[in-house]
Structure formats: C-alpha cells, structure tokens
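Listing of protein-v2.pdb; format and content: PDB, C-alpha atoms and all ligand atoms.
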```pdb
ATOM      1  CA  MET E   1      38.661 -64.287  13.128  1.00  0.00           C
ATOM      2  CA  GLN E   2      35.557 -66.357  12.415  1.00  0.00           C
ATOM      3  CA  PRO E   3      35.708 -69.717  10.655  1.00  0.00           C
ATOM      4  CA  LEU E   4      34.160 -69.791   7.194  1.00  0.00           C
ATOM      5  CA  LYS E   5      30.578 -70.982   7.021  1.00  0.00           C
ATOM      6  CA  ASN E   6      29.221 -72.958   4.120  1.00  0.00           C
ATOM      7  CA  GLU E   7      26.184 -70.726   3.618  1.00  0.00           C
ATOM      8  CA  LEU E   8      25.299 -67.702   1.559  1.00  0.00           C
ATOM      9  CA  PRO E   9      25.156 -64.358   3.364  1.00  0.00           C
ATOM     10  CA  SER E  10      21.658 -63.181   4.088  1.00  0.00           C
ATOM     11  CA  ALA E  11      20.232 -60.532   1.783  1.00  0.00           C
ATOM     12  CA  ASP E  12      17.435 -59.741   4.230  1.00  0.00           C
ATOM     13  CA  ASN E  13      17.237 -56.106   5.200  1.00  0.00           C
ATOM     14  CA  VAL E  14      19.719 -55.085   2.503  1.00  0.00           C
ATOM     15  CA  LEU E  15      19.053 -52.498  -0.180  1.00  0.00           C
ATOM     16  CA  PHE E  16      21.157 -53.169  -3.283  1.00  0.00           C
ATOM     17  CA  VAL E  17      21.968 -50.085  -5.345  1.00  0.00           C
ATOM     18  CA  PHE E  18      23.657 -50.130  -8.763  1.00  0.00           C
ATOM     19  CA  TYR E  19      24.892 -46.802 -10.111  1.00  0.00           C
ATOM     20  CA  ASN E  20      26.625 -45.364 -13.140  1.00  0.00           C
ATOM     21  CA  PHE E  21      28.104 -41.908 -13.704  1.00  0.00           C
ATOM     22  CA  GLU E  22      28.092 -40.088 -17.029  1.00  0.00           C
ATOM     23  CA  THR E  23      30.741 -37.403 -17.477  1.00  0.00           C
ATOM     24  CA  THR E  24      31.956 -34.651 -19.743  1.00  0.00           C
ATOM     25  CA  GLN E  25      35.573 -34.291 -20.787  1.00  0.00           C
ATOM     26  CA  ASP E  26      35.505 -30.599 -21.669  1.00  0.00           C
ATOM     27  CA  THR E  27      37.954 -29.550 -18.938  1.00  0.00           C
ATOM     28  CA  LYS E  28      41.590 -29.723 -20.029  1.00  0.00           C
ATOM     29  CA  ILE E  29      44.034 -30.349 -17.179  1.00  0.00           C
ATOM     30  CA  SER E  30      47.174 -30.637 -19.312  1.00  0.00           C
ATOM     31  CA  GLU E  31      48.161 -30.696 -22.964  1.00  0.00           C
ATOM     32  CA  THR E  32      47.230 -34.361 -23.190  1.00  0.00           C
ATOM     33  CA  ALA E  33      44.714 -34.943 -20.396  1.00  0.00           C
ATOM     34  CA  LYS E  34      41.126 -33.959 -19.752  1.00  0.00           C
ATOM     35  CA  LEU E  35      39.195 -34.110 -16.517  1.00  0.00           C
ATOM     36  CA  HIS E  36      36.125 -36.319 -16.297  1.00  0.00           C
ATOM     37  CA  VAL E  37      33.396 -34.194 -14.710  1.00  0.00           C
ATOM     38  CA  PRO E  38      30.286 -36.084 -13.549  1.00  0.00           C
ATOM     39  CA  ILE E  39      27.104 -34.601 -15.003  1.00  0.00           C
ATOM     40  CA  LEU E  40      24.634 -37.392 -14.310  1.00  0.00           C
ATOM     41  CA  VAL E  41      24.312 -40.444 -12.125  1.00  0.00           C
ATOM     42  CA  CYS E  42      21.633 -43.054 -12.681  1.00  0.00           C
ATOM     43  CA  LEU E  43      20.855 -45.769 -10.213  1.00  0.00           C
ATOM     44  CA  GLN E  44      18.645 -48.779  -9.875  1.00  0.00           C
ATOM     45  CA  GLU E  45      17.917 -50.492  -6.620  1.00  0.00           C
ATOM     46  CA  PHE E  46      16.159 -53.547  -5.338  1.00  0.00           C
ATOM     47  CA  CYS E  47      15.548 -55.361  -2.087  1.00  0.00           C
ATOM     48  CA  THR E  48      14.190 -58.738  -1.067  1.00  0.00           C
ATOM     49  CA  ALA E  49      10.638 -57.361  -1.214  1.00  0.00           C
ATOM     50  CA  CYS E  50      11.257 -56.454  -4.865  1.00  0.00           C
ATOM     51  CA  GLU E  51      11.790 -60.129  -5.684  1.00  0.00           C
ATOM     52  CA  MET E  52       8.187 -60.838  -4.713  1.00  0.00           C
ATOM     53  CA  ARG E  53       6.706 -58.259  -7.081  1.00  0.00           C
ATOM     54  CA  ASP E  54       5.025 -59.350 -10.292  1.00  0.00           C
ATOM     55  CA  ASP E  55       5.304 -55.962 -11.973  1.00  0.00           C
ATOM     56  CA  TYR E  56       8.602 -54.107 -11.734  1.00  0.00           C
ATOM     57  CA  GLU E  57       6.994 -50.920 -13.062  1.00  0.00           C
ATOM     58  CA  GLN E  58       5.072 -50.674  -9.783  1.00  0.00           C
ATOM     59  CA  ASP E  59       6.778 -49.131  -6.758  1.00  0.00           C
ATOM     60  CA  CYS E  60       8.101 -51.524  -4.133  1.00  0.00           C
ATOM     61  CA  GLU E  61       6.430 -51.228  -0.732  1.00  0.00           C
ATOM     62  CA  CYS E  62       9.889 -51.027   0.905  1.00  0.00           C
ATOM     63  CA  CYS E  63      12.343 -49.322  -1.448  1.00  0.00           C
ATOM     64  CA  GLY E  64       9.967 -47.264  -3.557  1.00  0.00           C
ATOM     65  CA  LYS E  65      10.313 -46.541  -7.231  1.00  0.00           C
ATOM     66  CA  GLY E  66      13.628 -48.316  -7.815  1.00  0.00           C
ATOM     67  CA  ARG E  67      15.127 -45.909 -10.357  1.00  0.00           C
ATOM     68  CA  HIS E  68      16.624 -42.497  -9.705  1.00  0.00           C
ATOM     69  CA  SER E  69      18.829 -39.993 -11.482  1.00  0.00           C
ATOM     70  CA  PHE E  70      20.659 -36.950 -10.159  1.00  0.00           C
ATOM     71  CA  PHE E  71      22.241 -34.242 -12.289  1.00  0.00           C
ATOM     72  CA  GLU E  72      22.645 -31.039 -10.253  1.00  0.00           C
ATOM     73  CA  ASP E  73      25.396 -32.458  -8.009  1.00  0.00           C
ATOM     74  CA  PRO E  74      25.559 -36.098  -9.086  1.00  0.00           C
ATOM     75  CA  VAL E  75      28.204 -37.184  -6.570  1.00  0.00           C
ATOM     76  CA  GLY E  76      26.812 -35.290  -3.586  1.00  0.00           C
ATOM     77  CA  ASP E  77      23.234 -36.186  -4.395  1.00  0.00           C
ATOM     78  CA  LEU E  78      24.125 -39.876  -4.747  1.00  0.00           C
ATOM     79  CA  LEU E  79      25.944 -39.866  -1.407  1.00  0.00           C
ATOM     80  CA  SER E  80      23.074 -38.050   0.276  1.00  0.00           C
ATOM     81  CA  TYR E  81      20.602 -40.514  -1.194  1.00  0.00           C
ATOM     82  CA  LEU E  82      22.649 -43.528  -0.069  1.00  0.00           C
ATOM     83  CA  CYS E  83      22.914 -42.123   3.460  1.00  0.00           C
ATOM     84  CA  GLU E  84      19.195 -41.401   3.897  1.00  0.00           C
ATOM     85  CA  PRO E  85      17.667 -43.178   6.897  1.00  0.00           C
ATOM     86  CA  ARG E  86      15.787 -46.296   5.841  1.00  0.00           C
ATOM     87  CA  PRO E  87      13.807 -48.133   8.500  1.00  0.00           C
ATOM     88  CA  TRP E  88      13.426 -51.248   6.317  1.00  0.00           C
ATOM     89  CA  TYR E  89      17.132 -51.903   5.861  1.00  0.00           C
ATOM     90  CA  LYS E  90      20.137 -52.669   8.024  1.00  0.00           C
ATOM     91  CA  LYS E  91      22.530 -51.641   5.274  1.00  0.00           C
ATOM     92  CA  VAL E  92      22.828 -50.368   1.723  1.00  0.00           C
ATOM     93  CA  GLU E  93      25.228 -52.077  -0.676  1.00  0.00           C
ATOM     94  CA  ALA E  94      26.181 -49.866  -3.593  1.00  0.00           C
ATOM     95  CA  THR E  95      27.822 -51.292  -6.699  1.00  0.00           C
ATOM     96  CA  ALA E  96      29.246 -49.099  -9.439  1.00  0.00           C
ATOM     97  CA  HIS E  97      29.029 -49.889 -13.121  1.00  0.00           C
ATOM     98  CA  ASN E  98      32.785 -49.330 -13.464  1.00  0.00           C
ATOM     99  CA  ALA E  99      34.224 -48.863  -9.987  1.00  0.00           C
ATOM    100  CA  LYS E 100      37.663 -50.245 -10.752  1.00  0.00           C
ATOM    101  CA  ALA E 101      38.678 -47.514 -13.131  1.00  0.00           C
ATOM    102  CA  PHE E 102      36.117 -44.783 -12.952  1.00  0.00           C
ATOM    103  CA  ASP E 103      32.930 -44.466 -10.908  1.00  0.00           C
ATOM    104  CA  ALA E 104      34.434 -45.047  -7.457  1.00  0.00           C
ATOM    105  CA  GLN E 105      36.961 -42.227  -7.991  1.00  0.00           C
ATOM    106  CA  PHE E 106      34.233 -39.609  -7.769  1.00  0.00           C
ATOM    107  CA  ILE E 107      32.932 -41.092  -4.521  1.00  0.00           C
ATOM    108  CA  LEU E 108      36.439 -41.394  -3.076  1.00  0.00           C
ATOM    109  CA  ASN E 109      37.326 -37.788  -4.000  1.00  0.00           C
ATOM    110  CA  ARG E 110      34.161 -36.466  -2.373  1.00  0.00           C
ATOM    111  CA  ALA E 111      34.649 -38.631   0.726  1.00  0.00           C
ATOM    112  CA  ILE E 112      38.189 -37.259   1.122  1.00  0.00           C
ATOM    113  CA  PHE E 113      36.975 -33.695   0.552  1.00  0.00           C
ATOM    114  CA  LEU E 114      34.262 -34.159   3.214  1.00  0.00           C
ATOM    115  CA  LYS E 115      36.640 -36.046   5.521  1.00  0.00           C
ATOM    116  CA  LEU E 116      34.167 -38.912   5.789  1.00  0.00           C
ATOM    117  CA  THR E 117      35.233 -41.838   7.912  1.00  0.00           C
TER     118      THR E 117
HETATM  119 ZN    ZN G 201      12.209 -53.163  -2.935  1.00  0.00          ZN
END
```

Final structure tokens representation of the file:
Amino acid sequence: MQPLKNELPSADNVLFVFYNFETTQDTKISETAKLHVPILVCLQEFCTACEMRDDYEQDCECCGKGRHSFFEDPVGDLLSYLCEPRPWYKKVEATAHNAKAFDAQFILNRAIFLKLT
C-alpha cells in the first residue's frame, strides 16, 4: 500500500470519454416491467491537447473529432471504440452519464457475455 500523496493525479496521456445511452422500452419482460434496449450511444472525449485548442469545432491533433455516436450495436461499438489502440494515450477513462443506475449495466452485461477480464 502506498502512502497518500498531496498532489493531483496526472492527466497526461489520458483520453477522457463521456458517454450516454438512449434506449427504447418497447420490449415487455413481465406484466409490469419493460426492458431498456440501447439504440444509440453518444460520446464526447477530450485530452490534454484539447485544452490547448482555441476552437473546439476543429479536430484535436491527438484525439480527433471529439464527438461520436453509434447506433447499429451501441454497446459493442462503444466497447470496440474504447479498446482501439491509441499511441498518444496510456489509458482511456470512460465516464457514463448515469452509470449508477443505468448506463454501466449495458457495459457490464456485454462484458459478462464476452467473458472479458
Ligand atoms: Zn484531444
């Protein structure tokens, strides 16, 4: 165990991704419950190089265009996107709009299905 340091963690070489799923509730799973089925995921991302840009409408030299959406297989496409090799970054930190009650469930279900470790 390391002692706590009185310094902020470095954000260098980190790609921050923020995502949000939209779902339908057309699938009934019981008399009183409906299944949330993801139909769209939108994400925004930024890195330390983004902070230096004057115009956020321009692509970042490191992370690219900064906004993406996936709708054919929102969960699988998001996971594939997050796992793409990125020479600029040591890690990707993904934050869900509503992970506590909603968005993380789709990722967890897919990770279990794929037996990801
Ligand atoms: Zn960037």

Could you tell me which residues the PyMOL selection byres (((chain E and resi 94-110) around 9) and not hetatm) grabs in this file, written as number ranges by chain?
-> E: 15-22, 37-38, 45, 75-76, 78-79, 82, 92-93, 111-116

List, as a PyMOL selection string, every residue that the PyMOL selection byres (((chain E and resi 68) around 6) and not hetatm) selects in the file provided.
-> chain E and resi 42-43+67+69

Spell out the residues picked by the PyMOL selection byres (((not hetatm)) within 8 of (chain G and resi 201)) here, as a count of residues only.
-> 15

Could you tell me which of E:Asn6, E:Met52, E:Pro85, E:Val41 comes closest to Asp73 (chain E) if we count only C-alpha atoms?
-> E:Val41

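Excluding Ile39 (chain E) and any residue on its chain fewer than 6 positions from it, the residues at most 7 Å away by all atoms listed in the file are Glu22, Thr23, Thr24, Phe71 and Pro74 of chain E.
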
With all atoms of region 51-70 of chain E from the file as input, state the centre and edge lengths in Å to one decimal of the axis-aligned box that has 8 Å extra on each side, as lines of an AutoDock Vina configuration file.
```
center_x = 12.8
center_y = -48.9
center_z = -6.1
size_x = 31.6
size_y = 39.9
size_z = 30.0
```
